[in-house]
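**Student:** After the structure tokens below, expect a handful of questions from me.
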Amino acid sequence: MKRLTSLEGLHCANCGVPMQGEFCHECGQSIHSVLKPVHGLFEEAAETLFHIDGRIVHTVPPLLLKPGFLTLEYFSGRRVRYIAPFRLMFVLCLLALFVCHLRVENSQIQMNTPIKVNVADNPFNAAATPAAVKQSLQEKLAGLEQARAATNAVGGNAKRALDSAEHVLRQQASQRLLVLGVSSVGDLTLNPPSASSSNTPAADDDEDVHSKISDKTLSSPTRIDIVWLPSFFNDRLSLAADHLKTNLKAMKHDGPGRQEAFDRLLGNFFSVLPQTMFVMIPLFALLLKLFYVFRRRLYMEHLIVALHSHAYLFLSLLLGVLISALSSWLAPHAAWATHPLTWLEWALVLWIPAYLLIMQKRIYRQGWPMTVLKFWCVGWCYFWLLTTALTIAAVLGLAY
């Protein structure tokens with residue numbers, strides 16, 4: 001609890017005006033000195049933290065469950081209980097992109113980590129009859145199917161490793177049948193299709209895509225010379241173009257350089273995403289201003305709507321990534337628990353357009369037909385703006 005302090009006879013240290021409260025009514029300077037013991041700093045930090053926590057409790061649940069509530073409260077002047085729109089959007093943006101970056105990096109690590117399957121020794125040597133070989137193979141294939149279900153979200157190398165393991169198991173079963181003097185039992189054959197051959201078309205397709213840009217083109221230096229730009233800016237653009245070519249060339253060929261190029265792309269992409277979103281929010285507010293020009297609202301009001309809308313989107317992204325990570329973690333241990341989490345993810349995804357539509361209806365107070373039409377038009381325009389911005393962010397990610 002704060003102690004009551006008498007302000008009689010006290011003057012502002014900055015402008016000398018008699019104090020009437022903790023802050024000077026002329027210049028706004030606080031009466032409290034910044035020179036204080038260390039424990040005072042900890043007390044002030046704890047007080048600030050608890051104050052923010054109180055506002056989080058009043059802000060986050062309505063942001064997620066009550067479309068347009070925070071915006072209407074802000075327009076009505078009831079703002080002290082809630083976190084300011086820009087600060088709310090900024091914090092949720094950083095948290096969502098940080099967690100999403102970690103999730104993508106973890107998926108990349110899992111895709112590049114080979115799954116070791118012990119098939120060196122023939123596990124069918126103990127089978128004395130062809131029927132026993134078939135039964136043993138069916139049991140082992142069932143185990144591989146469970147592994148596929150557990151690593152379904154990983155894909156990539158994990159799927160190829162499991163396919164290769166199945167291929168080897170079928171080969172070993174066929175070899176045991178050959179020893180027993182039987183050519184086949186049911187669907188067991190001596191020469192199952194090669195796992196590597198099944199991947200050949202996809203590999204050829206990838207090679208066709210990569211071969212569209214020749215190594216000679218990617219290796220040649222680039223010189224950008226725009227006459228109306230200063231020389232240092234042209235030099236910077238030329239260097240960025242060379243980096244872009246270097247990364248594209250590295251991504252064309254297998255090896256450690258390819259993975260390093262993907263890592264650079266991923267890291268740089270997420271590093272420029274916050275700046276990209278800070279550009280998109282004013283553009284979204286401008287779209288709202290254009291489509292609701294006859295509602296006679298200030299641009300700042302549309303900007304607050306845009307801030308709260310994006311804050312909700314970042315909160316949904318954060319929750320979705322956390323639920324997905326929890327589902328992947330529970331899959332090997334309690335697969336039954338992943339089904340409710342999957343339903344929760346779908347509910348979160350379906351709630352996003354419904355939330356934004358209801359929010360637009362409550363704030364701008366138009367009929368449902370006009371609200372749905374404008375919602376579709378604004379969403380269509382914003383989709384292409386966002387696609388363009390993300391494409392530019394990806395190119396900038398490759399240019400470093």
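By convention here, the chains of the structure tokens are called A, B, ... in the order presented, each chain's residues are numbered starting at 1, and ligands are numbered starting at 1 in the order presented.
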At a cut-off of 12 Å, using only C-alpha atoms, what residues contact Asn268 (chain A)? Leave out same-chain residues fewer than 5 positions from it and give the result as an MDAnalysis selection string.

**Tutor:** chainID A and resid 101 261:263 273:275 392:400

**Student:** When you look at region 349-363 of chain A with a cut-off of 12 Å (counting only C-alpha atoms), what residues show up, excluding the ones that are within fewer than 2 positions of it in the same chain? I need them as a PyMOL selection string.

**Tutor:** chain A and resi 62-76+288+291-292+295+297+301-302+304-306+308-317+319-321+323+342-347+365-379

**Student:** Take the residues from that selection and write them out as a short mmCIF file (atom, residue, chain, number, x, y, z; two decimals), in the first residue's frame, keeping C-alpha atoms.

**Tutor:**
data_model
loop_
_atom_site.label_atom_id
_atom_site.label_comp_id
_atom_site.auth_asym_id
_atom_site.auth_seq_id
_atom_site.Cartn_x
_atom_site.Cartn_y
_atom_site.Cartn_z
CA PRO A 62 -12.17 -10.16 -23.98
CA LEU A 63 -9.69 -9.92 -26.84
CA LEU A 64 -10.10 -13.63 -27.52
CA LEU A 65 -13.78 -14.14 -26.77
CA LYS A 66 -15.59 -10.79 -27.21
CA PRO A 67 -15.25 -9.40 -30.76
CA GLY A 68 -15.03 -5.61 -30.79
CA PHE A 69 -15.41 -5.24 -27.02
CA LEU A 70 -11.99 -3.69 -26.37
CA THR A 71 -12.31 -1.31 -29.32
CA LEU A 72 -15.72 -0.06 -28.19
CA GLU A 73 -14.42 0.35 -24.62
CA TYR A 74 -11.52 2.38 -25.95
CA PHE A 75 -13.84 4.59 -28.00
CA SER A 76 -16.04 5.12 -24.93
CA LEU A 288 -11.11 0.40 -43.55
CA PHE A 291 -14.57 1.20 -47.39
CA TYR A 292 -16.20 3.14 -44.53
CA ARG A 295 -19.26 6.61 -41.71
CA ARG A 297 -14.82 8.17 -38.61
CA GLU A 301 -10.34 5.12 -35.06
CA HIS A 302 -9.72 2.76 -37.97
CA ILE A 304 -7.31 1.29 -33.35
CA VAL A 305 -9.60 -1.25 -35.03
CA ALA A 306 -6.62 -2.50 -37.04
CA HIS A 308 -7.00 -4.77 -32.01
CA SER A 309 -7.69 -6.99 -35.05
CA HIS A 310 -4.01 -7.81 -35.49
CA ALA A 311 -3.56 -8.28 -31.76
CA TYR A 312 -6.30 -10.92 -31.89
CA LEU A 313 -4.68 -12.57 -34.93
CA PHE A 314 -1.31 -12.75 -33.19
CA LEU A 315 -2.96 -14.15 -30.05
CA SER A 316 -4.69 -16.83 -32.16
CA LEU A 317 -1.40 -17.65 -33.91
CA LEU A 319 -2.33 -20.26 -29.14
CA GLY A 320 -2.40 -22.33 -32.34
CA VAL A 321 1.36 -22.88 -32.34
CA ILE A 323 -1.50 -26.28 -29.14
CA THR A 342 -6.89 -31.19 -33.04
CA TRP A 343 -10.55 -30.24 -32.56
CA LEU A 344 -9.45 -27.23 -30.51
CA GLU A 345 -7.10 -26.15 -33.31
CA TRP A 346 -9.90 -26.36 -35.86
CA ALA A 347 -12.24 -24.44 -33.57
CA ARG A 365 -23.02 -0.82 -37.05
CA GLN A 366 -24.16 -1.64 -40.57
CA GLY A 367 -26.58 -4.31 -41.75
CA TRP A 368 -25.40 -7.86 -42.23
CA PRO A 369 -25.50 -7.87 -46.06
CA MET A 370 -23.35 -4.72 -46.34
CA THR A 371 -21.05 -5.90 -43.52
CA VAL A 372 -20.47 -9.28 -45.19
CA LEU A 373 -19.81 -7.61 -48.56
CA LYS A 374 -17.32 -5.14 -47.13
CA PHE A 375 -15.73 -7.85 -44.98
CA TRP A 376 -15.12 -9.96 -48.10
CA CYS A 377 -13.74 -7.00 -50.09
CA VAL A 378 -11.45 -5.81 -47.29
CA GLY A 379 -10.26 -9.38 -46.68
#

**Student:** I want to know what sits within 8 Å of Glu166 (chain A), based on only C-alpha atoms, with residues of the same chain fewer than 3 positions away left out; could you give that as a PyMOL selection string?

**Tutor:** chain A and resi 141+144+162-163+169-170

**Student:** Got a sec: who's within 12 Å of Ala325 (chain A), counting only C-alpha atoms, leaving out chain neighbours fewer than 3 positions off, as a PyMOL selection string?

**Tutor:** chain A and resi 99-100+102-104+106-107+153-154+318-322+328-331+338+341-342+345

**Student:** Separation of CA of Phe86 (chain A) and CA of Phe98 (chain A), in Å?

**Tutor:**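 Separating CA of Phe86 (chain A) from CA of Phe98 (chain A) is a distance of 18.1 Å.
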
**Student:** Fewer than 3 positions away in the same chain doesn't count, so skip those; otherwise give me all residues within 9 Å of Ile281 (chain A), counting only C-alpha atoms, as a ChimeraX atom specification.

**Tutor:** /A:276-278,284-286,303,306-307,310

**Student:** Figure out the distance between CA of Pro130 (chain A) and CA of Gly181 (chain A), please, to one decimal in Å.

**Tutor:**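 Straight-line distance from CA of Gly181 (chain A) to CA of Pro130 (chain A) works out to 9.2 Å.
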
**Student:** Quick one: of A:Glu105, A:Gln172, A:Thr391, A:Phe232, who's nearest to Leu266 (chain A), counting only C-alpha atoms?

**Tutor:**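 Smallest separation from Leu266 (chain A) among the options: A:Glu105.
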
**Student:** If you measure from CA of Asn125 (chain A) to CA of Gln171 (chain A), what distance in Å do you get, rounded to one decimal?

**Tutor:**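 Distance reported for this atom pair: 12.8 Å.
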